[in-house]
Each structure stands twice: as C-alpha cells, then as structure tokens.
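Asker: This is input-v8.pdb (PDB, C-alpha atoms and all ligand atoms).
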MODEL        1
ATOM      1  CA  MET C   1     -13.555   8.506 -20.203
ATOM      2  CA  LEU C   2     -10.645   6.807 -18.417
ATOM      3  CA  PRO C   3      -7.547   8.953 -17.786
ATOM      4  CA  ASP C   4      -4.348   8.420 -19.814
ATOM      5  CA  LYS C   5      -1.807   6.257 -18.074
ATOM      6  CA  PRO C   6       0.528   8.611 -16.167
ATOM      7  CA  LYS C   7       4.250   7.847 -16.064
ATOM      8  CA  PHE C   8       5.176   5.907 -12.929
ATOM      9  CA  PHE C   9       8.783   6.072 -11.713
ATOM     10  CA  GLY C  10       8.800   3.542  -8.859
ATOM     11  CA  ARG C  11       9.111  -0.257  -8.890
ATOM     12  CA  ARG C  12       6.202  -2.495  -9.863
ATOM     13  CA  LYS C  13       7.939  -5.813  -9.216
ATOM     14  CA  GLY C  14      10.773  -6.859  -6.927
ATOM     15  CA  ARG C  15      12.173 -10.146  -5.696
ATOM     16  CA  THR C  16      10.535 -13.332  -6.955
ATOM     17  CA  ILE C  17       7.222 -13.754  -5.187
ATOM     18  CA  ARG C  18       7.144 -16.991  -3.174
ATOM     19  CA  LYS C  19       4.590 -19.683  -3.896
ATOM     20  CA  ALA C  20       1.936 -18.817  -1.304
ATOM     21  CA  LYS C  21       1.933 -15.092  -2.109
ATOM     22  CA  SER C  22       1.817 -15.726  -5.811
ATOM     23  CA  PHE C  23      -1.155 -18.027  -5.186
ATOM     24  CA  LEU C  24      -2.858 -15.228  -3.247
ATOM     25  CA  LEU C  25      -2.304 -12.755  -6.095
ATOM     26  CA  ASP C  26      -3.921 -15.170  -8.549
ATOM     27  CA  ASN C  27      -6.725 -16.497  -6.388
ATOM     28  CA  PHE C  28      -7.540 -14.029  -3.628
ATOM     29  CA  LEU C  29      -6.775 -10.605  -5.083
ATOM     30  CA  PRO C  30      -9.543 -10.898  -7.748
ATOM     31  CA  ARG C  31     -12.093 -11.186  -4.901
ATOM     32  CA  ILE C  32     -11.165  -7.846  -3.355
ATOM     33  CA  ARG C  33      -9.739  -5.973  -6.332
ATOM     34  CA  ILE C  34     -11.355  -2.716  -7.461
ATOM     35  CA  ALA C  35     -12.100  -2.633 -11.166
ATOM     36  CA  ALA C  36     -11.137   0.809 -12.452
ATOM     37  CA  ASP C  37     -13.307   0.705 -15.558
ATOM     38  CA  LYS C  38     -16.231   2.859 -14.409
ATOM     39  CA  LYS C  39     -17.260   5.286 -11.657
ATOM     40  CA  ILE C  40     -17.029   3.624  -8.259
ATOM     41  CA  ASP C  41     -19.838   3.592  -5.711
ATOM     42  CA  LEU C  42     -18.062   2.938  -2.395
ATOM     43  CA  ASN C  43     -21.123   1.464  -0.665
ATOM     44  CA  SER C  44     -21.620  -1.157  -3.334
ATOM     45  CA  CYS C  45     -18.017  -2.363  -3.006
ATOM     46  CA  PHE C  46     -19.018  -4.162   0.203
ATOM     47  CA  THR C  47     -21.863  -6.493   1.150
ATOM     48  CA  GLU C  48     -23.416  -3.645   3.164
ATOM     49  CA  PRO C  49     -22.689   0.116   3.353
ATOM     50  CA  LYS C  50     -19.999   1.029   5.871
ATOM     51  CA  GLU C  51     -20.020   3.799   8.495
ATOM     52  CA  GLY C  52     -17.284   5.616   6.615
ATOM     53  CA  TYR C  53     -14.370   5.092   4.265
ATOM     54  CA  PHE C  54     -10.583   5.333   4.457
ATOM     55  CA  LEU C  55      -8.038   5.364   1.646
ATOM     56  CA  GLU C  56      -4.362   4.428   2.000
ATOM     57  CA  ILE C  57      -2.151   5.434  -0.931
ATOM     58  CA  GLY C  58       1.062   3.441  -1.404
ATOM     59  CA  PHE C  59       0.453   0.983   1.455
ATOM     60  CA  GLY C  60       3.788  -0.799   0.898
ATOM     61  CA  ASP C  61       3.763  -4.107   2.782
ATOM     62  CA  GLY C  62       0.280  -3.341   4.110
ATOM     63  CA  GLU C  63       0.917  -3.620   7.871
ATOM     64  CA  HIS C  64      -0.820  -0.332   8.647
ATOM     65  CA  LEU C  65      -3.794  -1.079   6.398
ATOM     66  CA  ALA C  66      -4.191  -4.643   7.705
ATOM     67  CA  ALA C  67      -4.050  -3.591  11.356
ATOM     68  CA  LEU C  68      -6.311  -0.537  11.055
ATOM     69  CA  SER C  69      -8.971  -2.357   9.038
ATOM     70  CA  GLN C  70      -9.004  -5.183  11.567
ATOM     71  CA  ARG C  71      -9.462  -2.738  14.443
ATOM     72  CA  MET C  72     -12.280  -0.847  12.668
ATOM     73  CA  PRO C  73     -14.557  -3.461  11.051
ATOM     74  CA  GLN C  74     -17.417  -0.961  10.696
ATOM     75  CA  TYR C  75     -15.368   1.104   8.183
ATOM     76  CA  GLY C  76     -14.484   0.316   4.583
ATOM     77  CA  PHE C  77     -10.808   0.531   3.598
ATOM     78  CA  PHE C  78      -9.410   1.135   0.144
ATOM     79  CA  GLY C  79      -5.727   0.372  -0.286
ATOM     80  CA  VAL C  80      -3.722   1.293  -3.362
ATOM     81  CA  GLU C  81      -0.264  -0.017  -4.168
ATOM     82  CA  VAL C  82       1.609  -0.467  -7.426
ATOM     83  CA  TYR C  83       4.286  -2.758  -6.018
ATOM     84  CA  GLN C  84       3.125  -6.338  -6.510
ATOM     85  CA  ASN C  85       5.231  -7.817  -3.699
ATOM     86  CA  GLY C  86       3.610  -5.337  -1.295
ATOM     87  CA  VAL C  87       0.096  -6.252  -2.454
ATOM     88  CA  ALA C  88       0.970  -9.939  -1.978
ATOM     89  CA  ASN C  89       2.199  -9.195   1.544
ATOM     90  CA  LEU C  90      -1.070  -7.453   2.454
ATOM     91  CA  LEU C  91      -3.018 -10.504   1.223
ATOM     92  CA  SER C  92      -0.827 -12.743   3.350
ATOM     93  CA  LEU C  93      -1.494 -10.579   6.436
ATOM     94  CA  MET C  94      -5.244 -10.702   5.765
ATOM     95  CA  THR C  95      -5.466 -14.458   5.226
ATOM     96  CA  GLY C  96      -2.571 -15.751   7.323
ATOM     97  CA  LEU C  97      -1.409 -17.741   4.312
ATOM     98  CA  LYS C  98       2.353 -17.853   3.801
ATOM     99  CA  ASP C  99       5.016 -20.336   2.768
ATOM    100  CA  GLY C 100       5.377 -22.736   5.655
ATOM    101  CA  ASN C 101       1.650 -23.080   6.348
ATOM    102  CA  ALA C 102       0.532 -23.389   2.747
ATOM    103  CA  GLU C 103       0.733 -27.139   2.175
ATOM    104  CA  ASP C 104      -2.662 -27.228   0.552
ATOM    105  CA  LEU C 105      -3.096 -24.266  -1.747
ATOM    106  CA  THR C 106      -6.177 -25.756  -3.357
ATOM    107  CA  ASP C 107      -8.427 -25.021  -0.345
ATOM    108  CA  GLU C 108     -10.691 -21.996  -0.629
ATOM    109  CA  ILE C 109      -8.760 -19.125   0.902
ATOM    110  CA  LYS C 110     -10.472 -17.338   3.754
ATOM    111  CA  LEU C 111      -9.833 -14.168   5.691
ATOM    112  CA  LEU C 112      -8.393 -14.742   9.161
ATOM    113  CA  PRO C 113     -11.309 -15.420  11.559
ATOM    114  CA  GLN C 114     -10.709 -12.156  13.462
ATOM    115  CA  ARG C 115     -11.183 -10.095  10.269
ATOM    116  CA  THR C 116     -14.256  -8.746   8.457
ATOM    117  CA  ASP C 117     -14.422  -8.332   4.723
ATOM    118  CA  ASN C 118     -13.778  -4.574   4.763
ATOM    119  CA  VAL C 119     -10.694  -4.071   2.539
ATOM    120  CA  ARG C 120     -10.645  -3.421  -1.198
ATOM    121  CA  VAL C 121      -7.440  -3.117  -3.213
ATOM    122  CA  TYR C 122      -6.408  -1.288  -6.341
ATOM    123  CA  ASP C 123      -3.073  -2.676  -7.534
ATOM    124  CA  ASP C 124      -2.048   0.107  -9.885
ATOM    125  CA  ASP C 125      -1.288   3.820  -9.902
ATOM    126  CA  VAL C 126      -3.754   5.704  -7.699
ATOM    127  CA  ARG C 127      -3.809   8.570 -10.211
ATOM    128  CA  LEU C 128      -5.785   6.250 -12.532
ATOM    129  CA  LEU C 129      -8.340   5.759  -9.780
ATOM    130  CA  PHE C 130      -8.886   9.340  -8.639
ATOM    131  CA  SER C 131     -11.322  10.421 -11.352
ATOM    132  CA  LEU C 132     -13.469   7.306 -10.746
ATOM    133  CA  LEU C 133     -13.929   8.015  -7.048
ATOM    134  CA  PRO C 134     -16.929  10.080  -5.873
ATOM    135  CA  ASP C 135     -16.730  13.582  -4.349
ATOM    136  CA  SER C 136     -16.571  13.911  -0.551
ATOM    137  CA  ALA C 137     -16.312  10.151  -0.104
ATOM    138  CA  PHE C 138     -13.508   9.551   2.409
ATOM    139  CA  ASP C 139     -13.122  10.382   6.073
ATOM    140  CA  LYS C 140      -9.371  10.018   5.896
ATOM    141  CA  VAL C 141      -6.610   9.574   3.329
ATOM    142  CA  TYR C 142      -3.250   8.150   4.442
ATOM    143  CA  LEU C 143      -0.006   8.866   2.605
ATOM    144  CA  LEU C 144       2.688   7.216   4.705
ATOM    145  CA  PHE C 145       6.353   7.631   3.853
ATOM    146  CA  PRO C 146       5.899   8.508   0.176
ATOM    147  CA  ASP C 147       9.009   8.202  -1.993
ATOM    148  CA  PRO C 148      10.883  11.454  -1.280
ATOM    149  CA  TRP C 149      12.577  11.949  -4.669
ATOM    150  CA  PRO C 150      15.060  14.253  -2.915
ATOM    151  CA  LYS C 151      16.954  15.515  -5.977
ATOM    152  CA  THR C 152      15.638  18.843  -7.249
ATOM    153  CA  LYS C 153      15.577  17.524 -10.814
ATOM    154  CA  HIS C 154      13.104  14.813  -9.639
ATOM    155  CA  ALA C 155      10.843  17.167  -7.663
ATOM    156  CA  ALA C 156       8.032  16.762 -10.219
ATOM    157  CA  ARG C 157       7.805  13.070  -9.263
ATOM    158  CA  ARG C 158       6.897  13.807  -5.638
ATOM    159  CA  PHE C 159       3.403  12.576  -4.866
ATOM    160  CA  ILE C 160       2.537  15.710  -2.944
ATOM    161  CA  ASN C 161       1.910  18.191  -5.725
ATOM    162  CA  PRO C 162      -0.962  20.523  -6.656
ATOM    163  CA  ASP C 163      -2.667  18.036  -9.029
ATOM    164  CA  ASN C 164      -2.725  15.152  -6.558
ATOM    165  CA  LEU C 165      -3.771  17.467  -3.720
ATOM    166  CA  ARG C 166      -6.686  18.705  -5.839
ATOM    167  CA  SER C 167      -7.816  15.100  -6.367
ATOM    168  CA  ILE C 168      -7.442  14.257  -2.676
ATOM    169  CA  ALA C 169      -9.320  17.418  -1.668
ATOM    170  CA  ARG C 170     -12.208  16.453  -3.958
ATOM    171  CA  ILE C 171     -12.621  12.916  -2.628
ATOM    172  CA  LEU C 172     -12.228  13.868   1.057
ATOM    173  CA  LYS C 173     -15.284  14.897   3.069
ATOM    174  CA  LYS C 174     -15.248  18.467   4.382
ATOM    175  CA  GLY C 175     -13.443  18.178   7.730
ATOM    176  CA  GLY C 176     -11.794  14.940   6.548
ATOM    177  CA  ILE C 177      -8.098  14.338   7.207
ATOM    178  CA  LEU C 178      -5.073  13.892   4.987
ATOM    179  CA  GLN C 179      -2.460  12.110   7.115
ATOM    180  CA  VAL C 180       1.104  12.347   5.844
ATOM    181  CA  ALA C 181       4.162  10.766   7.462
ATOM    182  CA  THR C 182       7.717  11.200   6.258
ATOM    183  CA  ASP C 183      11.242  10.842   7.575
ATOM    184  CA  HIS C 184      13.043  12.750   4.835
ATOM    185  CA  PRO C 185      14.152  16.325   5.686
ATOM    186  CA  ILE C 186      13.547  17.555   2.143
ATOM    187  CA  TYR C 187      10.100  15.958   1.988
ATOM    188  CA  LYS C 188       9.167  17.366   5.425
ATOM    189  CA  ARG C 189       9.851  20.888   4.174
ATOM    190  CA  TRP C 190       8.293  20.207   0.763
ATOM    191  CA  THR C 191       5.079  18.895   2.342
ATOM    192  CA  LEU C 192       4.639  21.872   4.631
ATOM    193  CA  GLU C 193       5.476  24.406   1.923
ATOM    194  CA  THR C 194       3.156  22.791  -0.636
ATOM    195  CA  LEU C 195       0.258  22.432   1.765
ATOM    196  CA  HIS C 196       0.761  25.858   3.312
ATOM    197  CA  THR C 197      -0.133  27.502   0.012
ATOM    198  CA  ASN C 198      -2.986  25.083  -0.727
ATOM    199  CA  PRO C 199      -6.436  26.647  -0.227
ATOM    200  CA  ASP C 200      -8.173  23.315   0.541
ATOM    201  CA  PHE C 201      -6.212  22.175   3.588
ATOM    202  CA  ILE C 202      -5.205  23.454   6.990
ATOM    203  CA  TRP C 203      -2.449  21.949   9.167
ATOM    204  CA  THR C 204      -4.049  20.852  12.446
ATOM    205  CA  ALA C 205      -0.939  20.922  14.692
ATOM    206  CA  GLN C 206      -1.194  23.137  17.773
ATOM    207  CA  THR C 207       2.086  22.149  19.417
ATOM    208  CA  SER C 208       5.238  20.423  18.157
ATOM    209  CA  ASP C 209       4.230  17.217  19.948
ATOM    210  CA  ASP C 210       1.315  16.998  17.497
ATOM    211  CA  TRP C 211       3.684  16.314  14.598
ATOM    212  CA  ARG C 212       6.716  14.862  16.361
ATOM    213  CA  TYR C 213       4.762  11.839  17.618
ATOM    214  CA  PRO C 214       2.324   9.576  15.794
ATOM    215  CA  PRO C 215      -1.388   9.858  16.535
ATOM    216  CA  LYS C 216      -2.791   7.463  19.159
ATOM    217  CA  ASP C 217      -3.235   3.826  18.074
ATOM    218  CA  TRP C 218      -0.725   4.204  15.265
ATOM    219  CA  TYR C 219       0.619   1.148  13.453
ATOM    220  CA  GLU C 220       4.237   1.320  12.383
ATOM    221  CA  THR C 221       5.026   0.761   8.734
ATOM    222  CA  LYS C 222       8.047  -0.946   7.218
ATOM    223  CA  TYR C 223       9.524   2.378   6.084
ATOM    224  CA  GLN C 224       8.940   3.921   9.478
ATOM    225  CA  ARG C 225      10.927   1.119  11.147
ATOM    226  CA  LYS C 226      13.669   1.476   8.522
ATOM    227  CA  ALA C 227      13.890   5.242   9.131
ATOM    228  CA  VAL C 228      14.166   4.828  12.897
ATOM    229  CA  ARG C 229      16.753   2.039  12.512
ATOM    230  CA  GLU C 230      18.831   4.313  10.303
ATOM    231  CA  GLY C 231      18.574   7.241  12.735
ATOM    232  CA  ARG C 232      16.028   9.410  10.897
ATOM    233  CA  ARG C 233      13.157  10.914  12.824
ATOM    234  CA  PRO C 234       9.713  10.574  11.254
ATOM    235  CA  VAL C 235       7.129  13.334  11.463
ATOM    236  CA  PHE C 236       3.356  12.972  11.333
ATOM    237  CA  PHE C 237       1.469  15.795   9.631
ATOM    238  CA  GLU C 238      -2.305  15.963   9.718
ATOM    239  CA  PHE C 239      -4.137  18.332   7.349
ATOM    240  CA  ARG C 240      -7.850  19.007   7.569
ATOM    241  CA  ARG C 241      -9.970  19.498   4.462
ATOM    242  CA  ILE C 242     -11.506  22.939   4.769
TER     243      ILE C 242
HETATM  244  C1  LIG V   1       8.528   4.511   0.338
HETATM  245  S1  LIG V   1       7.245   3.384   0.065
HETATM  246  C2  LIG V   1       6.312   3.444   1.593
HETATM  247  C3  LIG V   1       5.416   2.260   1.786
HETATM  248  C4  LIG V   1       4.568   2.241   3.054
HETATM  249  N1  LIG V   1       3.605   3.325   3.067
HETATM  250  C5  LIG V   1       5.436   2.277   4.270
HETATM  251  O1  LIG V   1       5.412   3.314   4.984
HETATM  252  O2  LIG V   1       6.112   1.276   4.555
HETATM  253  C6  LIG V   1       6.166   4.265  -1.041
HETATM  254  C7  LIG V   1       5.158   3.349  -1.694
HETATM  255  O3  LIG V   1       4.227   4.110  -2.456
HETATM  256  C8  LIG V   1       3.922   3.399  -3.632
HETATM  257  N2  LIG V   1       3.468   4.382  -4.627
HETATM  258  C9  LIG V   1       4.169   5.437  -5.099
HETATM  259  N3  LIG V   1       3.446   6.131  -5.995
HETATM  260  C10 LIG V   1       2.251   5.487  -6.101
HETATM  261  C11 LIG V   1       1.083   5.704  -6.895
HETATM  262  N4  LIG V   1       1.026   6.727  -7.751
HETATM  263  N5  LIG V   1       0.054   4.854  -6.759
HETATM  264  C12 LIG V   1       0.131   3.810  -5.901
HETATM  265  N6  LIG V   1       1.208   3.543  -5.118
HETATM  266  C13 LIG V   1       2.258   4.371  -5.222
HETATM  267  C14 LIG V   1       5.230   2.720  -4.013
HETATM  268  O4  LIG V   1       5.021   1.597  -4.847
HETATM  269  C15 LIG V   1       5.797   2.352  -2.648
HETATM  270  O5  LIG V   1       5.441   1.049  -2.250
ENDMDL
END
Translate this structure into structure tokens?
Answerer:
Amino acid sequence: MLPDKPKFFGRRKGRTIRKAKSFLLDNFLPRIRIAADKKIDLNSCFTEPKEGYFLEIGFGDGEHLAALSQRMPQYGFFGVEVYQNGVANLLSLMTGLKDGNAEDLTDEIKLLPQRTDNVRVYDDDVRLLFSLLPDSAFDKVYLLFPDPWPKTKHAARRFINPDNLRSIARILKKGGILQVATDHPIYKRWTLETLHTNPDFIWTAQTSDDWRYPPKDWYETKYQRKAVREGRRPVFFEFRRI
C-alpha cells in the first residue's frame, strides 16, 4: 500500500519557469522520472545494472548531482526534489538546453554527449518514496544543506529526525554513508545530537579537519555558495551505517 501523503512545508514552485526549462519538464522529465506506484528495483531503472547506487535528497538546483553522476558513469544516481524550478535546472544541466540555445524545441532532446544515462529523478517528497525502495540498496545518501527550520516550534519539520533516519538506515548498505552538509549553527548541533543517539549510524570523523572541509572531489551547491557569501561556515558530516 502507498503511504499517506505527508505534510510538506517547503516550496514546490517558485519564479515562472522559462520556456526551455518548462519544455524539459514536459518532454524530458518523463523519460527519467521514477514512478512511485510500486516497489522499485534499482537495477531495472537503467538499461543495465550499475556498480552501485547513490541517492541525493533535496538536490536543489542539481549542480552536485549533475557533476557527480557525470564523473561516475558506472553508478546509478537517484535524485529527489520537490521544487519544480530545481528539477528543471537539473534537466538543463544534463541536456545543455536553456533559453538562448533553444531555438528549436521540437528536436528530440538528448543528454550532453559527455554524459551517460545514469540519473533518475523523483519530483516529489522523498518520504513517499522511502517505503518503495529496497533494503540495503544504496552506497551513499546525500543530504546537502537541508532546510534548517531554526525555530524550536518548527523543530518537527527538520528532515533529520528518527523516522527519516530509520528509512535511510534501511535503504543504505551496511557500511554505506549518509553525507550531511549544513551551514546553520542550530542544524549542526541538531544533526550531531540526533545522530549521536541513533543506534544505526556512527560519525566517521577522526579530526576536526574531517568535518570542517568537504570530502575530496566535492561539488559546491547553490546553498553552500550562498552560505559562504553570507559569512557562514559549512560543515560536512559523514555517518557510516553500522
Ligand atoms: C535549502 S535547500 C538545499 C538545496 C541543495 N541541496 C543545495 O545545497 O543547494 C533544501 C532542498 O530540499 C528540498 N526538500 C526538502 N524536503 C524535501 C523532501 N521531503 N523531499 C524532497 N525534497 C525536499 C527542498 O525543496 C529544497 O530544494
């Protein structure tokens, strides 16, 4: 049975989506969209099984997902984002199609030549997807700059909470990684406190450099750039599934 629709407090739509991106949502997204109407077999989402699978929750404008999936064509990537403008931006990064080079939107849209077909997208709330994903399926789950909901009265909206961690623990392989980045002081503390008492994860940091700097080959996200511009220092927490 499909889960009830949970209440979502963020934005689903923003500024008007320009012509090329709107075209991509209508004509390209259906080709890579995950249908959340039955249990999902990750291997059969792609033309051939991949060496492993990654999940990015709340990919925003998709820069990190687009870059990582291009660098690792042998892996399958699942990206989830509720915000339609962000999904459209990811599609633009994957195809190179944007206003300015989109004179002929009737041509069949193709991935950029340097890309393989290794990204699948779910454009709704990831909590609807969790129960359809198999156990021990992912090598790594990324949660980059989640909305901090800093007011105490909104703490229940924070994505890091025992229910979501239980779902992530189930779909991660043993030894798999949950990668969290945040720039918000309250969310930094909240993340460490919540994961410290969680029996399924262990924080991998050995020295402060392990969380003060991003892992090697990191791709900056929009919110990371915004944080740095505004003088906030991001941290990069890596938790291993026990
Ligand atoms: C602060 S933004 C960060 C975006 C991106 N990761 C970055 O670093 O630029 C958080 C994103 O998570 C998405 N999000 C929040 N809750 C979500 C959920 N339950 N399912 C899918 N996406 C979610 C929001 O729509 C938003 O785009």
Asker: Go through C:Val180, C:Ala67, C:Val80, C:Ala137 one by one, measure the shortest atom-to-atom distance of each to Asp217 in chain C using only C-alpha atoms, and give the residue with the smallest value.
Answerer: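 The closest residue to Asp217 in chain C is C:Ala67.
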Asker: Find the distance between CA of Phe9 in chain C and CA of Val82 in chain C and write it in Å to one decimal.
Answerer: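 Between these atoms lies a distance of 10.6 Å.
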Asker: When the PyMOL selection byres (((chain C and resi 74) around 7) and not hetatm) is applied to the file above, which residues end up in the set, as a list in words?
Answerer: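 With the PyMOL selection byres (((chain C and resi 74) around 7) and not hetatm) on this model, the match is Lys50, Glu51, Met72, Pro73, Tyr75 and Gly76 of chain C.
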Asker: Using all atoms listed in the file, find each residue with an atom at most 7 Å away from ligand LIG 1 (chain V) and format the answer as a short mmCIF file (atom, residue, chain, number, x, y, z; two decimals) with C-alpha atoms, in the coordinates of the input.
Answerer:
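And here is the file that came out, result.cif:
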data_model
loop_
_atom_site.label_atom_id
_atom_site.label_comp_id
_atom_site.auth_asym_id
_atom_site.auth_seq_id
_atom_site.Cartn_x
_atom_site.Cartn_y
_atom_site.Cartn_z
CA PHE C 8 5.18 5.91 -12.93
CA GLY C 10 8.80 3.54 -8.86
CA ARG C 11 9.11 -0.26 -8.89
CA ARG C 12 6.20 -2.50 -9.86
CA ILE C 57 -2.15 5.43 -0.93
CA GLY C 58 1.06 3.44 -1.40
CA PHE C 59 0.45 0.98 1.46
CA GLY C 60 3.79 -0.80 0.90
CA ASP C 61 3.76 -4.11 2.78
CA VAL C 80 -3.72 1.29 -3.36
CA GLU C 81 -0.26 -0.02 -4.17
CA VAL C 82 1.61 -0.47 -7.43
CA TYR C 83 4.29 -2.76 -6.02
CA GLY C 86 3.61 -5.34 -1.30
CA ASP C 124 -2.05 0.11 -9.88
CA ASP C 125 -1.29 3.82 -9.90
CA VAL C 126 -3.75 5.70 -7.70
CA ARG C 127 -3.81 8.57 -10.21
CA LEU C 143 -0.01 8.87 2.60
CA LEU C 144 2.69 7.22 4.70
CA PHE C 145 6.35 7.63 3.85
CA PRO C 146 5.90 8.51 0.18
CA ASP C 147 9.01 8.20 -1.99
CA PHE C 159 3.40 12.58 -4.87
CA THR C 221 5.03 0.76 8.73
CA LYS C 222 8.05 -0.95 7.22
CA TYR C 223 9.52 2.38 6.08
CA GLN C 224 8.94 3.92 9.48
#
Asker: Can you work out which one of C:Arg15, C:Arg225, C:Lys5, C:Lys110 has the shortest atom-to-atom distance to Ile32 in chain C, counting only C-alpha atoms?
Answerer: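 The shortest atom-to-atom distance to Ile32 in chain C comes from C:Lys110.
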Asker: Starting from the PyMOL selection byres (((chain C and resi 184-191) around 12) and not hetatm), expand the selection into actual residues of this file and give them as a PyMOL selection string.
Answerer: chain C and resi 143-152+155-162+165+178-183+192-198+201+203+211-212+223-224+226-228+230-239
Asker: If we count all atoms listed in the file and set the cut-off at 7 Å, which residues sit around Ile202 in chain C, ignoring sequence neighbours fewer than 3 positions away in its own chain? Please answer as JSON, numbers by chain.
Answerer: {"C": [239, 240, 241, 242]}
Asker: Tell me which residues the PyMOL selection byres (((chain C and resi 39-47) around 7) and not hetatm) grabs here, as a list in words.
Answerer: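 Applying the expression gives Lys38, Glu48, Pro49, Lys50, Asn118, Leu132, Leu133 and Pro134 of chain C.
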Asker: I'd like the interatomic distance between CA of Leu97 in chain C and CA of Ala20 in chain C, to a tenth of an Å.
Answerer: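 These two atoms are separated by 6.6 Å.
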Asker: CA of Lys98 in chain C and CA of Asp26 in chain C, how far apart in Å?
Answerer: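 These atoms are spaced 14.1 Å apart.
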Asker: Identify the residues within 10 Å of coordinate (-4.2, 4.9, -18.6) (same frame as the file), considering all atoms listed in the file, and give the answer as a PDB file with C-alpha atoms, in the frame of the given file.
Answerer:
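Output below, filename point.pdb:
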ATOM      1  CA  LEU C   2     -10.645   6.807 -18.417  1.00  0.00           C
ATOM      2  CA  PRO C   3      -7.547   8.953 -17.786  1.00  0.00           C
ATOM      3  CA  ASP C   4      -4.348   8.420 -19.814  1.00  0.00           C
ATOM      4  CA  LYS C   5      -1.807   6.257 -18.074  1.00  0.00           C
ATOM      5  CA  PRO C   6       0.528   8.611 -16.167  1.00  0.00           C
ATOM      6  CA  LYS C   7       4.250   7.847 -16.064  1.00  0.00           C
ATOM      7  CA  ASP C 125      -1.288   3.820  -9.902  1.00  0.00           C
ATOM      8  CA  ARG C 127      -3.809   8.570 -10.211  1.00  0.00           C
ATOM      9  CA  LEU C 128      -5.785   6.250 -12.532  1.00  0.00           C
ATOM     10  CA  LEU C 129      -8.340   5.759  -9.780  1.00  0.00           C
TER      11      LEU C 129
END
Asker: Taking into account only C-alpha atoms, which residue in the set C:Leu25, C:Ser208, C:Met94, C:Gln84 is nearest to Gln114 in chain C?
Answerer: C:Met94
Asker: Provide an axis-aligned box for all listed atoms of range 162-180 of chain C, padding each side by 5 Å; report its centre and its edge lengths in Å to one decimal, as lines of an AutoDock Vina configuration file.
Answerer:
center_x = -7.1
center_y = 16.3
center_z = -0.6
size_x = 26.4
size_y = 18.4
size_z = 26.8
Asker: Of the candidates C:Gly52, C:Asp135, C:Gln70, C:Leu90, which shows the shortest atom-to-atom distance to Pro113 in chain C, using all atoms listed in the file?
Answerer: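 For Pro113 in chain C, the nearest of the given residues is C:Gln70.
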Asker: List the neighbours of Glu108 in chain C out to 12 Å using only C-alpha atoms; skip same-chain residues closer than 5 positions along the sequence, and give me the result as an mmCIF file with C-alpha atoms, in the coordinates of the input.
Answerer:
data_model
loop_
_atom_site.group_PDB
_atom_site.id
_atom_site.type_symbol
_atom_site.label_atom_id
_atom_site.label_comp_id
_atom_site.auth_asym_id
_atom_site.auth_seq_id
_atom_site.Cartn_x
_atom_site.Cartn_y
_atom_site.Cartn_z
ATOM 1 C CA PHE C 23 -1.155 -18.027 -5.186
ATOM 2 C CA LEU C 24 -2.858 -15.228 -3.247
ATOM 3 C CA ASN C 27 -6.725 -16.497 -6.388
ATOM 4 C CA PHE C 28 -7.540 -14.029 -3.628
ATOM 5 C CA ARG C 31 -12.093 -11.186 -4.901
ATOM 6 C CA THR C 95 -5.466 -14.458 5.226
ATOM 7 C CA LEU C 97 -1.409 -17.741 4.312
ATOM 8 C CA ALA C 102 0.532 -23.389 2.747
#
Asker: Provide range 201-215 of chain C rebuilt to N, CA and C atoms, formatted as a tab-separated table (two decimals), keeping the file's coordinate frame.
Answerer:
chain	number	residue	atom	x	y	z
C	201	PHE	N	-6.63	22.90	2.38
C	201	PHE	CA	-6.21	22.18	3.59
C	201	PHE	C	-5.65	23.13	4.64
C	202	ILE	N	-5.83	22.71	5.89
C	202	ILE	CA	-5.20	23.45	6.99
C	202	ILE	C	-4.47	22.45	7.88
C	203	TRP	N	-3.26	22.81	8.29
C	203	TRP	CA	-2.45	21.95	9.17
C	203	TRP	C	-3.06	22.02	10.56
C	204	THR	N	-3.31	20.86	11.18
C	204	THR	CA	-4.05	20.85	12.45
C	204	THR	C	-3.15	21.03	13.67
C	205	ALA	N	-1.83	20.95	13.51
C	205	ALA	CA	-0.94	20.92	14.69
C	205	ALA	C	-1.07	22.19	15.53
C	206	GLN	N	-1.16	22.01	16.83
C	206	GLN	CA	-1.19	23.14	17.77
C	206	GLN	C	0.16	23.27	18.47
C	207	THR	N	0.77	22.13	18.76
C	207	THR	CA	2.09	22.15	19.42
C	207	THR	C	2.99	21.18	18.65
C	208	SER	N	4.30	21.27	18.91
C	208	SER	CA	5.24	20.42	18.16
C	208	SER	C	5.02	18.93	18.46
C	209	ASP	N	4.49	18.64	19.65
C	209	ASP	CA	4.23	17.22	19.95
C	209	ASP	C	3.21	16.63	18.98
C	210	ASP	N	2.36	17.49	18.42
C	210	ASP	CA	1.32	17.00	17.50
C	210	ASP	C	1.90	16.44	16.21
C	211	TRP	N	3.10	16.87	15.82
C	211	TRP	CA	3.68	16.31	14.60
C	211	TRP	C	4.95	15.49	14.85
C	212	ARG	N	5.50	15.64	16.07
C	212	ARG	CA	6.72	14.86	16.36
C	212	ARG	C	6.39	13.41	16.74
C	213	TYR	N	5.16	13.19	17.20
C	213	TYR	CA	4.76	11.84	17.62
C	213	TYR	C	3.57	11.37	16.80
C	214	PRO	N	3.47	10.06	16.57
C	214	PRO	CA	2.32	9.58	15.79
C	214	PRO	C	1.02	9.75	16.56
C	215	PRO	N	-0.09	9.83	15.84
C	215	PRO	CA	-1.39	9.86	16.54
C	215	PRO	C	-1.57	8.59	17.37
